[in-house]
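J.: entry07.cif is reproduced in full below (mmCIF, C-alpha atoms and all ligand atoms).
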data_run
#
loop_
_atom_site.label_atom_id
_atom_site.label_comp_id
_atom_site.auth_asym_id
_atom_site.auth_seq_id
_atom_site.Cartn_x
_atom_site.Cartn_y
_atom_site.Cartn_z
CA MET A 262 -5.12 4.67 31.42
CA LYS A 263 -1.83 4.91 29.51
CA ASP A 264 -1.87 4.66 25.70
CA ILE A 265 -1.37 1.17 24.29
CA ALA A 266 1.86 2.12 22.51
CA THR A 267 3.93 2.55 25.64
CA ILE A 268 6.41 -0.22 26.37
CA GLN A 269 4.89 -0.93 29.79
CA ARG A 270 1.30 -1.19 28.60
CA THR A 271 2.16 -3.17 25.45
CA LYS A 272 4.19 -5.66 27.50
CA ALA A 273 1.40 -5.95 30.07
CA ILE A 274 -1.22 -6.61 27.35
CA LEU A 275 0.95 -9.24 25.64
CA GLU A 276 1.66 -10.96 28.94
CA ARG A 277 -1.92 -10.90 30.16
CA HIS A 278 -3.09 -12.62 26.97
CA GLY A 279 -0.05 -14.91 26.64
CA PHE A 280 0.55 -13.60 23.11
CA SER A 281 3.57 -14.75 21.09
CA PHE A 282 4.60 -12.96 17.87
CA LYS A 283 4.25 -14.70 14.53
CA LYS A 284 7.08 -13.64 12.27
CA SER A 285 5.31 -15.14 9.27
CA LEU A 286 2.50 -12.57 9.71
CA GLY A 287 4.89 -9.62 9.84
CA GLN A 288 4.04 -8.86 13.46
CA ASN A 289 6.15 -5.92 14.61
CA PHE A 290 4.18 -3.69 16.95
CA LEU A 291 4.84 0.04 17.39
CA ILE A 292 5.78 1.25 20.84
CA ASP A 293 6.52 4.91 20.19
CA LEU A 294 3.78 7.50 20.64
CA ASN A 295 5.78 10.19 18.90
CA ILE A 296 6.01 8.12 15.69
CA LEU A 297 2.33 7.21 15.95
CA SER A 298 1.23 10.81 16.20
CA LYS A 299 3.41 11.66 13.20
CA ILE A 300 1.67 8.89 11.21
CA VAL A 301 -1.86 10.01 12.07
CA GLY A 302 -0.74 13.62 11.61
CA ALA A 303 0.27 12.83 8.02
CA ALA A 304 -3.25 11.49 7.41
CA GLU A 305 -4.81 14.87 8.38
CA LEU A 306 -7.79 13.23 10.07
CA SER A 307 -10.80 15.11 11.41
CA GLU A 308 -14.11 14.33 13.12
CA VAL A 309 -15.65 13.51 9.72
CA SER A 310 -12.92 11.06 8.66
CA GLY A 311 -13.16 7.33 8.23
CA VAL A 312 -10.00 5.24 8.62
CA LEU A 313 -9.36 1.84 7.14
CA GLU A 314 -6.50 0.05 8.86
CA ILE A 315 -4.78 -3.13 7.66
CA GLY A 316 -3.38 -5.18 10.55
CA PRO A 317 -4.24 -3.46 13.85
CA GLY A 318 -2.15 -5.86 15.97
CA ILE A 319 -3.06 -5.01 19.57
CA GLY A 320 -4.43 -1.62 18.51
CA SER A 321 -1.56 0.85 19.05
CA LEU A 322 -2.13 2.79 15.83
CA THR A 323 -5.88 2.08 15.83
CA GLU A 324 -6.18 3.90 19.15
CA GLN A 325 -4.44 7.04 17.83
CA SER A 326 -6.65 7.08 14.70
CA ALA A 327 -9.73 6.52 16.87
CA LYS A 328 -8.89 9.60 18.93
CA ARG A 329 -9.11 11.77 15.83
CA ALA A 330 -11.52 10.11 13.37
CA LYS A 331 -15.25 9.46 13.25
CA LYS A 332 -14.86 5.73 12.63
CA VAL A 333 -12.03 3.22 12.27
CA VAL A 334 -12.39 -0.14 10.56
CA ALA A 335 -9.46 -2.50 11.07
CA LEU A 336 -8.84 -5.74 9.15
CA GLU A 337 -6.85 -8.33 11.09
CA ILE A 338 -5.89 -11.80 9.87
CA ASP A 339 -4.70 -13.29 13.19
CA GLN A 340 -7.62 -14.70 15.16
CA ARG A 341 -5.56 -14.68 18.38
CA LEU A 342 -5.60 -10.88 18.30
CA LEU A 343 -9.40 -10.58 18.27
CA PRO A 344 -9.99 -11.06 22.03
CA ILE A 345 -7.07 -8.71 22.74
CA LEU A 346 -8.55 -6.03 20.49
CA ASP A 347 -11.95 -6.56 22.16
CA ASP A 348 -10.23 -5.65 25.37
CA THR A 349 -7.96 -2.78 24.20
CA MET A 350 -10.57 -1.16 21.96
CA SER A 351 -13.36 -1.22 24.56
CA PRO A 352 -13.02 2.56 25.23
CA TYR A 353 -13.50 3.21 21.50
CA PRO A 354 -16.96 2.05 20.36
CA HIS A 355 -16.44 3.63 16.94
CA VAL A 356 -13.70 1.08 16.12
CA LYS A 357 -14.79 -2.01 14.24
CA VAL A 358 -12.49 -4.98 13.82
CA ILE A 359 -13.09 -7.34 10.91
CA HIS A 360 -11.38 -10.71 10.95
CA GLY A 361 -9.87 -11.72 7.61
CA ASP A 362 -7.11 -11.44 5.06
CA ALA A 363 -6.80 -7.95 3.57
CA LEU A 364 -5.85 -9.59 0.28
CA GLU A 365 -9.12 -11.47 0.15
CA LEU A 366 -11.76 -9.36 1.85
CA ASP A 367 -13.99 -7.29 -0.44
CA LEU A 368 -12.65 -3.79 0.25
CA ARG A 369 -15.26 -2.01 -1.84
CA GLU A 370 -18.08 -3.69 0.00
CA ILE A 371 -16.53 -2.98 3.40
CA VAL A 372 -16.08 0.69 2.54
CA GLU A 373 -19.63 0.93 1.29
CA GLN A 374 -21.17 -0.76 4.32
CA GLU A 375 -19.01 0.72 7.04
CA PHE A 376 -18.40 4.23 5.74
CA LEU A 377 -20.49 5.37 2.77
CA ASN A 378 -23.77 4.00 4.19
CA GLU A 379 -23.07 6.01 7.33
CA GLY A 380 -22.39 9.19 5.37
CA ILE A 381 -18.60 9.01 5.84
CA GLU A 382 -16.95 10.02 2.58
CA ASP A 383 -13.56 11.29 3.68
CA ILE A 384 -11.77 7.94 3.83
CA SER A 385 -8.07 7.28 4.35
CA VAL A 386 -5.97 4.20 4.89
CA VAL A 387 -3.70 4.51 7.94
CA ALA A 388 -1.62 1.40 8.57
CA ASN A 389 1.63 -0.15 9.63
CA LEU A 390 1.68 -2.83 6.96
CA PRO A 391 2.83 -6.43 7.38
CA TYR A 392 6.03 -6.33 5.31
CA TYR A 393 5.71 -9.77 3.72
CA VAL A 394 2.76 -8.50 1.66
CA THR A 395 3.49 -4.76 1.25
CA THR A 396 3.34 -4.61 -2.54
CA PRO A 397 0.22 -6.78 -3.05
CA ILE A 398 -1.64 -4.83 -0.37
CA ILE A 399 -0.72 -1.46 -1.88
CA MET A 400 -1.71 -2.70 -5.35
CA ARG A 401 -5.00 -4.03 -4.01
CA LEU A 402 -5.82 -0.71 -2.33
CA LEU A 403 -4.93 1.28 -5.47
CA GLU A 404 -6.91 -0.99 -7.77
CA SER A 405 -9.90 -1.39 -5.45
CA GLY A 406 -11.83 1.43 -7.10
CA VAL A 407 -12.46 2.97 -3.65
CA LYS A 408 -12.12 6.76 -3.64
CA PHE A 409 -9.64 7.06 -0.79
CA ARG A 410 -8.41 10.57 -0.03
CA SER A 411 -5.01 9.33 1.06
CA LEU A 412 -3.05 6.26 2.06
CA VAL A 413 -0.57 6.74 4.89
CA MET A 414 1.42 3.57 5.41
CA MET A 415 4.52 2.38 7.17
CA ILE A 416 6.50 0.10 4.87
CA GLN A 417 10.10 -1.11 4.41
CA LYS A 418 12.44 1.77 3.53
CA GLU A 419 13.70 -0.16 0.52
CA VAL A 420 10.17 -0.36 -0.94
CA ALA A 421 9.48 3.28 -0.02
CA GLU A 422 12.42 4.29 -2.23
CA ARG A 423 10.61 2.77 -5.20
CA ILE A 424 7.41 4.77 -4.87
CA GLY A 425 8.64 8.09 -6.19
CA ALA A 426 11.54 6.72 -8.23
CA LYS A 427 12.34 8.43 -11.51
CA PRO A 428 12.96 6.69 -14.86
CA GLY A 429 16.50 5.43 -15.31
CA THR A 430 17.12 4.73 -11.62
CA LYS A 431 17.53 1.29 -10.06
CA ALA A 432 14.49 1.79 -7.82
CA TYR A 433 12.16 2.61 -10.75
CA GLY A 434 9.86 -0.30 -11.56
CA SER A 435 6.27 -1.36 -12.10
CA LEU A 436 5.36 -0.44 -8.49
CA SER A 437 6.58 3.13 -9.12
CA ILE A 438 4.47 3.27 -12.28
CA ALA A 439 1.31 2.01 -10.55
CA ILE A 440 1.67 4.37 -7.62
CA GLN A 441 2.46 7.43 -9.71
CA TYR A 442 -0.47 6.59 -12.01
CA TYR A 443 -2.98 6.66 -9.15
CA ALA A 444 -1.44 9.01 -6.63
CA GLU A 445 0.95 11.77 -5.73
CA ALA A 446 3.47 10.01 -3.57
CA GLU A 447 5.95 11.15 -0.98
CA VAL A 448 8.14 9.58 1.66
CA SER A 449 6.99 11.39 4.80
CA PHE A 450 9.70 10.23 7.19
CA ILE A 451 12.13 7.41 8.00
CA VAL A 452 11.57 5.22 11.06
CA PRO A 453 14.34 3.46 13.02
CA LYS A 454 14.07 -0.23 13.96
CA ASN A 455 14.00 0.36 17.71
CA VAL A 456 10.42 1.70 17.86
CA PHE A 457 8.95 -1.77 17.34
CA ILE A 458 8.74 -4.94 19.31
CA PRO A 459 10.18 -7.16 18.12
CA ALA A 460 12.54 -4.98 16.04
CA PRO A 461 12.30 -5.81 12.30
CA ASN A 462 15.44 -6.62 10.28
CA VAL A 463 15.06 -3.60 8.03
CA ASP A 464 14.56 0.13 8.37
CA SER A 465 11.09 1.51 7.72
CA ALA A 466 9.53 4.61 6.23
CA VAL A 467 6.11 6.20 6.29
CA ILE A 468 4.75 7.04 2.87
CA THR A 469 1.82 9.28 2.02
CA LEU A 470 -0.10 8.69 -1.20
CA ARG A 471 -2.61 11.40 -2.08
CA MET A 472 -5.02 9.81 -4.51
CA ARG A 473 -5.50 11.70 -7.78
CA LYS A 474 -9.02 12.57 -8.93
CA GLU A 475 -7.97 11.46 -12.42
CA PRO A 476 -5.05 9.11 -13.23
CA ALA A 477 -1.78 10.85 -14.13
CA VAL A 478 -2.07 9.71 -17.77
CA GLN A 479 -5.01 8.70 -19.96
CA VAL A 480 -4.87 5.21 -21.48
CA LYS A 481 -7.30 3.22 -23.60
CA ASP A 482 -6.92 -0.02 -21.62
CA GLU A 483 -5.72 0.30 -18.03
CA ALA A 484 -5.02 -3.41 -17.44
CA PHE A 485 -2.99 -3.61 -20.65
CA PHE A 486 -1.02 -0.47 -19.70
CA PHE A 487 0.04 -2.14 -16.44
CA ASP A 488 0.82 -5.42 -18.21
CA VAL A 489 3.02 -3.61 -20.73
CA ALA A 490 4.86 -1.79 -17.94
CA ARG A 491 5.38 -5.03 -15.98
CA ALA A 492 6.54 -6.88 -19.12
CA SER A 493 8.99 -4.08 -19.97
CA PHE A 494 10.72 -4.57 -16.62
CA ALA A 495 10.70 -8.38 -16.78
CA GLN A 496 14.41 -8.59 -17.59
CA ARG A 497 16.02 -5.29 -16.82
CA ARG A 498 19.10 -5.84 -18.96
CA LYS A 499 17.07 -6.53 -22.08
CA THR A 500 15.84 -3.91 -24.52
CA ILE A 501 12.22 -2.85 -24.47
CA LEU A 502 11.76 -4.56 -27.85
CA ASN A 503 12.99 -7.92 -26.54
CA ASN A 504 10.99 -7.78 -23.32
CA LEU A 505 7.82 -6.84 -25.18
CA THR A 506 8.44 -9.52 -27.82
CA ASN A 507 8.48 -12.11 -25.04
CA TYR A 508 5.19 -10.78 -23.77
CA ILE A 509 3.29 -10.18 -27.05
CA GLY A 510 4.76 -13.06 -29.06
CA LYS A 511 7.68 -13.53 -31.50
CA GLU A 512 5.36 -13.50 -34.50
CA HIS A 513 4.65 -9.80 -33.78
CA LYS A 514 8.27 -8.65 -33.42
CA VAL A 515 8.34 -6.67 -36.69
CA GLU A 516 5.04 -4.92 -35.93
CA LEU A 517 6.24 -4.21 -32.41
CA GLU A 518 9.38 -2.56 -33.69
CA ARG A 519 7.32 -0.41 -36.05
CA SER A 520 4.89 0.53 -33.26
CA LEU A 521 7.76 1.53 -30.98
CA HIS A 522 9.09 3.89 -33.66
CA GLU A 523 5.55 5.17 -34.20
CA ALA A 524 5.27 5.93 -30.48
CA GLY A 525 8.59 7.79 -30.67
CA ILE A 526 10.47 5.21 -28.58
CA ASP A 527 13.81 3.76 -29.67
CA PRO A 528 13.36 -0.07 -29.56
CA LYS A 529 16.89 -0.40 -28.15
CA ARG A 530 16.05 1.51 -24.98
CA ARG A 531 15.56 -0.36 -21.73
CA GLY A 532 12.12 -0.41 -20.15
CA GLU A 533 13.42 1.26 -17.01
CA THR A 534 14.14 4.48 -18.95
CA LEU A 535 10.53 5.04 -20.05
CA SER A 536 8.39 7.64 -18.34
CA LEU A 537 4.74 7.17 -17.41
CA GLU A 538 3.71 9.21 -20.48
CA GLU A 539 5.83 7.03 -22.75
CA PHE A 540 4.34 3.82 -21.31
CA ALA A 541 0.87 5.28 -21.87
CA ARG A 542 1.64 6.19 -25.48
CA LEU A 543 3.28 2.83 -26.08
CA SER A 544 0.46 0.74 -24.63
CA ASP A 545 -2.13 2.65 -26.68
CA THR A 546 -0.06 2.17 -29.87
CA ILE A 547 0.41 -1.57 -29.43
CA LEU A 548 -3.10 -2.26 -28.12
CA PRO A 549 -4.12 -3.87 -31.46
CA LEU A 550 -1.41 -6.54 -30.80
CA LYS A 551 -2.95 -7.54 -27.46
CA ASN A 552 -3.85 -11.22 -27.45
N1 LIG A 601 -0.83 -1.84 13.66
C1 LIG A 601 -0.03 -2.55 14.63
C2 LIG A 601 1.10 -1.67 15.10
O1 LIG A 601 1.40 -0.70 14.39
O2 LIG A 601 1.66 -1.93 16.13
C3 LIG A 601 0.50 -3.88 14.08
C4 LIG A 601 1.27 -3.80 12.78
S1 LIG A 601 2.09 -5.29 12.33
C5 LIG A 601 3.43 -4.64 11.39
C6 LIG A 601 1.11 -5.99 11.03
C7 LIG A 601 -0.24 -6.58 11.43
O3 LIG A 601 -0.90 -7.05 10.25
C8 LIG A 601 -0.22 -7.74 12.38
O4 LIG A 601 -1.18 -7.55 13.38
C9 LIG A 601 -0.59 -8.96 11.52
O5 LIG A 601 -1.23 -10.00 12.24
C10 LIG A 601 -1.50 -8.32 10.50
N2 LIG A 601 -1.59 -9.00 9.21
C11 LIG A 601 -0.63 -9.74 8.60
N3 LIG A 601 -1.06 -10.16 7.38
C12 LIG A 601 -2.30 -9.67 7.22
C13 LIG A 601 -3.27 -9.77 6.17
N4 LIG A 601 -2.99 -10.45 5.04
N5 LIG A 601 -4.47 -9.17 6.33
C14 LIG A 601 -4.75 -8.48 7.49
N6 LIG A 601 -3.86 -8.35 8.50
C15 LIG A 601 -2.66 -8.94 8.38
#
Turn the structure described in the file into structure tokens.
T.:
Amino acid sequence: MKDIATIQRTKAILERHGFSFKKSLGQNFLIDLNILSKIVGAAELSEVSGVLEIGPGIGSLTEQSAKRAKKVVALEIDQRLLPILDDTMSPYPHVKVIHGDALELDLREIVEQEFLNEGIEDISVVANLPYYVTTPIIMRLLESGVKFRSLVMMIQKEVAERIGAKPGTKAYGSLSIAIQYYAEAEVSFIVPKNVFIPAPNVDSAVITLRMRKEPAVQVKDEAFFFDVARASFAQRRKTILNNLTNYIGKEHKVELERSLHEAGIDPKRRGETLSLEEFARLSDTILPLKN
């Protein structure tokens, strides 16, 4: 049988099941085998690998991961896709589909039950993400505490530009900080709109995040470090002192200014010019002001 991600087979599957796309769920299915093999290639899967997929759709990418990995677990929110996946995944008994919202399911527990308990420790995320929830899904994966080896994900090109962005650029923001804290990130390749049905409105890119064994910088309070970074970007045109004053409280403005000097950061700088190391130093210095 032909692979799912050919136009003919995809159309036949959709027709047979009377499936109609839901734009609100970010349903754009891949119909290009070349792109799919580049995605799974970036994940460097082997017969000992476990793959966690968010949003399998009708199983185009799932199938390509299943051909290379020991087990694939796919989380799908749309109930209408479950009988379709039952059908398309029937040649792949080592694929398990779990119905639910990737933003709500307990990822740690799933990884433990489906992979670690079966002796699978080399775990990667391989997914073509629903674009309406790209950032929250990436943040959830990074903060899950699961020791993923890598995350290979198709996302909007515009968001991909933010992952490796350097301080002082427009694309640099709290997403860049979070990703660079947990992972070494790269944009693997750009993907044109015409390899999906229906075609999305924006260009896409595949990113590869190789998870670090230790975070890029050491901080005393991780949650506070991220809060400080987020607060520093709240209003990009404001100085770091003003943004942080809004976050910590006006009554602490004088102490904040002193702490910024102590951390070697000019209070008049904008948040977007601070490096990861500077945010780490800053959040440790002002930790006593945390409310
Ligand atoms: N993997 C398929 C492919 O590449 O052709 C489909 C990718 S499509 C861009 C995104 C998929 O994610 C859809 O199947 C959609 O129903 C599903 N989805 C959307 N929101 C989700 C969520 N919060 N949790 C899990 N799956 C979700």
J.: Quick one: residues within 6 Å of ligand LIG 601 (chain A), with all atoms listed in the file, as a list in words?
T.: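 Final answer, ordered by chain and number: Leu286, Gly287, Gln288, Asn289, Phe290, Leu291, Ile315, Gly316, Pro317, Gly318, Gly320, Ser321, Leu322, Leu336, Glu337, Ile338, Asp339, Asp362, Ala363, Leu364, Asn389, Leu390 and Pro391 of chain A.
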J.: Hey, could you pull the box centre and edge lengths for segment 411-428 of chain A, axis-aligned, 5 Å padding per side, all listed atoms, to one decimal in Å, as AutoDock Vina command-line options?
T.:
--center_x 4.3 --center_y 4.1 --center_z -3.8 --size_x 28.7 --size_y 20.4 --size_z 32.0
J.: Restricting the calculation to all atoms listed in the file, which member of A:Leu346, A:Glu365, A:Ala304, A:Glu373 is positioned closest to Ile398 of chain A?
T.: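 Nearest candidate to Ile398 of chain A out of A:Leu346, A:Glu365, A:Ala304, A:Glu373: A:Glu365.
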J.: Taking all atoms listed in the file into account, which of A:Thr546, A:Phe376, A:Lys283, A:Ser307 comes nearest Gln340 of chain A?
T.: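 Checking each of A:Thr546, A:Phe376, A:Lys283, A:Ser307 against Gln340 of chain A, counting all atoms listed in the file, the winner is A:Lys283.
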J.: Need the shell around Arg369 of chain A: protein/DNA/RNA residues with any atom at most 12 Å away, counting all atoms listed in the file. Skip same-chain ones fewer than 2 positions apart. Format as JSON, numbers by chain?
T.: {"A": [313, 363, 365, 366, 367, 371, 372, 373, 374, 375, 376, 377, 384, 401, 402, 403, 404, 405, 406, 407, 408, 409]}
J.: Could you write those residues out with C-alpha atoms, as a PDB file, in the coordinates of the input?
T.:
ATOM      1  CA  LEU A 313      -9.360   1.840   7.140  1.00  0.00           C
ATOM      2  CA  ALA A 363      -6.800  -7.950   3.570  1.00  0.00           C
ATOM      3  CA  GLU A 365      -9.120 -11.470   0.150  1.00  0.00           C
ATOM      4  CA  LEU A 366     -11.760  -9.360   1.850  1.00  0.00           C
ATOM      5  CA  ASP A 367     -13.990  -7.290  -0.440  1.00  0.00           C
ATOM      6  CA  ILE A 371     -16.530  -2.980   3.400  1.00  0.00           C
ATOM      7  CA  VAL A 372     -16.080   0.690   2.540  1.00  0.00           C
ATOM      8  CA  GLU A 373     -19.630   0.930   1.290  1.00  0.00           C
ATOM      9  CA  GLN A 374     -21.170  -0.760   4.320  1.00  0.00           C
ATOM     10  CA  GLU A 375     -19.010   0.720   7.040  1.00  0.00           C
ATOM     11  CA  PHE A 376     -18.400   4.230   5.740  1.00  0.00           C
ATOM     12  CA  LEU A 377     -20.490   5.370   2.770  1.00  0.00           C
ATOM     13  CA  ILE A 384     -11.770   7.940   3.830  1.00  0.00           C
ATOM     14  CA  ARG A 401      -5.000  -4.030  -4.010  1.00  0.00           C
ATOM     15  CA  LEU A 402      -5.820  -0.710  -2.330  1.00  0.00           C
ATOM     16  CA  LEU A 403      -4.930   1.280  -5.470  1.00  0.00           C
ATOM     17  CA  GLU A 404      -6.910  -0.990  -7.770  1.00  0.00           C
ATOM     18  CA  SER A 405      -9.900  -1.390  -5.450  1.00  0.00           C
ATOM     19  CA  GLY A 406     -11.830   1.430  -7.100  1.00  0.00           C
ATOM     20  CA  VAL A 407     -12.460   2.970  -3.650  1.00  0.00           C
ATOM     21  CA  LYS A 408     -12.120   6.760  -3.640  1.00  0.00           C
ATOM     22  CA  PHE A 409      -9.640   7.060  -0.790  1.00  0.00           C
TER      23      PHE A 409
END
J.: Near Ala388 of chain A, counting all atoms listed in the file, which residues have an atom at most 7 Å away, once you skip same-chain residues fewer than 4 positions from it, shown as an mmCIF file with C-alpha atoms, in the coordinates of the input?
T.:
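Written file, part.cif:
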data_model
loop_
_atom_site.group_PDB
_atom_site.id
_atom_site.type_symbol
_atom_site.label_atom_id
_atom_site.label_comp_id
_atom_site.auth_asym_id
_atom_site.auth_seq_id
_atom_site.Cartn_x
_atom_site.Cartn_y
_atom_site.Cartn_z
ATOM 1 C CA GLU A 314 -6.500 0.050 8.860
ATOM 2 C CA ILE A 315 -4.780 -3.130 7.660
ATOM 3 C CA VAL A 413 -0.570 6.740 4.890
ATOM 4 C CA MET A 414 1.420 3.570 5.410
ATOM 5 C CA MET A 415 4.520 2.380 7.170
#
J.: Residues within 6 Å of segment 444-455 of chain A, please, as a VMD selection string. Count only C-alpha atoms; anything in the same chain fewer than 4 positions from it doesn't count.
T.: chain A and resid 440 460 464 to 473
J.: Would you mind exporting the chosen residues as a CSV table (one decimal), keeping the file's coordinate frame, restricted to C-alpha atoms?
T.:
chain,number,residue,atom,x,y,z
A,440,ILE,CA,1.7,4.4,-7.6
A,460,ALA,CA,12.5,-5.0,16.0
A,464,ASP,CA,14.6,0.1,8.4
A,465,SER,CA,11.1,1.5,7.7
A,466,ALA,CA,9.5,4.6,6.2
A,467,VAL,CA,6.1,6.2,6.3
A,468,ILE,CA,4.8,7.0,2.9
A,469,THR,CA,1.8,9.3,2.0
A,470,LEU,CA,-0.1,8.7,-1.2
A,471,ARG,CA,-2.6,11.4,-2.1
A,472,MET,CA,-5.0,9.8,-4.5
A,473,ARG,CA,-5.5,11.7,-7.8
J.: Using all atoms listed in the file, find the one residue out of A:Glu538, A:Glu512, A:Glu422, A:Asp527 that sits nearest to Gln479 of chain A.
T.: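 Using all atoms listed in the file, Gln479 of chain A sits closest to A:Glu538.
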J.: How many Å lie between atom CA of Arg277 of chain A and atom CA of Val358 of chain A, rounded to one decimal?
T.: 20.3 Å
J.: Nearest to Pro352 of chain A: which of A:Glu475, A:Leu535, A:Leu297, A:Asp264 is it, counting all atoms listed in the file?
T.: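 For Pro352 of chain A, the nearest of the given residues is A:Asp264.
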